[in-house]
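> Okay, handing you the structure first.
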Amino acid sequence: MVKTVGVLGLGVFGSTIAKELGEQHYDVIAVDKNLVDVNRVEEYVIQAVQGNFTDIELLRSIGFSNCDVAVIGTGSNLESSVLAIMNCKKLGIKRIVAKAKNRTHMEIMQEMGADEIIRPEKEMGDKVARNIMRNNILDVITLDEENSIIEFTAPDRWIGRSLKEMDLRKKYKINVIGMKSEPNGKLVINVHPEEKIKPGSFIVAIGKPETFEHLDYTNQLK
């Protein structure tokens, strides 16, 4: 069943979400007081409305209560964001995602009932910093508070050694779940412990990323 997503506020953040979801065939209801912003997403959504999204009667009239998820895309105006969250709660929307400008705004939005708070500038800054620091890690996908999937290329120091010899579980608190020996090769799942690591090997592991990430950033993977 396709989810219906409401987007309140169509700046860069909100309009990007509305367009991406629309292109993936989600039903999107988008609202902003700026007609230019509304027109920009009109072709991607099922309903693009010019209006004040702090007005709950407007939201009721356009069927916003049918949304499974609401995204509050305005982050600079705290009052508007809080009123939007309150309106979404009153309309019974089960999941509310809000953009926050800073930590103080984030804490207020959490108190008001937002289920997920996003700080795009901070998160992008963190991501860029991590990408600069990385030597072997290609990507880290968070699964929960403790576990992540880590994708990385094998450090030069590992070449010619077996997974058993490396004992990555003990050293780095990660378990290898897949590996391919060549860039264009097939990813092998359930890799044999005696499998030798070759130059250019691509490894997928699961576990706690903190130790592994720190050692990769400081080029100390051994």
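Residue numbering restarts at 1 in every chain; chains get A, B, ... in the order shown in the structure tokens, and ligands count up from 1 in that same order.
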Any chance you could tabulate, as a Markdown table, the residues of segment 125-174 of chain A at most 9 Å from segment 196-215 of chain A with each one's nearest atom pair and distance in Å to one decimal, using only C-alpha atoms, in chain and rising number order?

| residue | atom | partner | partner_atom | distance |
| --- | --- | --- | --- | --- |
| A:Arg134 | CA | A:Glu213 | CA | 7.9 |
| A:Ile137 | CA | A:Glu213 | CA | 7.6 |
| A:Val140 | CA | A:Pro209 | CA | 8.0 |
| A:Glu146 | CA | A:Lys208 | CA | 5.7 |
| A:Asn147 | CA | A:Gly207 | CA | 4.9 |
| A:Ser148 | CA | A:Gly207 | CA | 5.6 |
| A:Ile149 | CA | A:Ile206 | CA | 4.5 |
| A:Ile150 | CA | A:Ala205 | CA | 5.2 |
| A:Glu151 | CA | A:Val204 | CA | 4.6 |
| A:Phe152 | CA | A:Ile203 | CA | 5.4 |
| A:Thr153 | CA | A:Phe202 | CA | 4.6 |
| A:Ala154 | CA | A:Ser201 | CA | 5.5 |
| A:Pro155 | CA | A:Pro199 | CA | 8.5 |
| A:Asp156 | CA | A:Pro199 | CA | 7.2 |
| A:Trp158 | CA | A:Ile197 | CA | 6.6 |
| A:Ile159 | CA | A:Ile197 | CA | 5.1 |
| A:Gly160 | CA | A:Ile197 | CA | 5.3 |
| A:Arg161 | CA | A:Lys196 | CA | 5.3 |
| A:Ser162 | CA | A:Lys196 | CA | 4.3 |
| A:Leu163 | CA | A:Lys196 | CA | 6.9 |
| A:Arg169 | CA | A:Gly207 | CA | 8.5 |
| A:Lys171 | CA | A:Phe212 | CA | 8.8 |
| A:Tyr172 | CA | A:Phe212 | CA | 5.6 |
| A:Lys173 | CA | A:Gly207 | CA | 6.0 |
| A:Ile174 | CA | A:Gly207 | CA | 4.3 |
> Per DSSP on the backbone, filter segment 23-197 of chain A down to the residues in helix (DSSP H, G or I) and report them as a ChimeraX atom specification.
/A:23,35-44,56-61,64-66,78-90,103-112,120-133,156-158,163-166,168-172
> For segment 72-76 of chain A, list every protein, DNA or RNA residue within 6 Å, evaluated using only C-alpha atoms, and leave out those in the same chain fewer than 5 positions away; present the list as a list in words.
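The neighbour list is Leu8, Gly9, Gly14, Ala98, Lys99, Ala100 and Lys101 of chain A.
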> Please produce a file of those selected residues containing C-alpha atoms, as a compact mmCIF listing (two decimals), in the first residue's frame.

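The file below, out.txt, is the result:
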# COMPACT_ATOMS: atom_id res chain seq x y z
CA LEU A 8 4.54 21.46 5.04
CA GLY A 9 7.03 24.05 3.85
CA GLY A 14 10.76 20.28 1.75
CA ALA A 98 10.45 17.89 11.51
CA LYS A 99 13.40 19.99 10.42
CA ALA A 100 15.18 21.89 13.20
CA LYS A 101 17.58 24.82 12.95
> Run DSSP on the backbone of this structure and report the residues of segment 6-197 of chain A it assigns to strand (DSSP E), as a PyMOL selection string.
chain A and resi 6-8+27-32+47-50+69-72+95-99+116-118+137-142+148-153+174-180+188-189
> Could you give me, as a list in words, the residues within 9 Å of Lys164 of chain A, counting only C-alpha atoms and dropping anything in the same chain fewer than 5 positions from it?
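These residues fall inside the cut-off: His192, Pro193, Glu194 and Glu195 of chain A.
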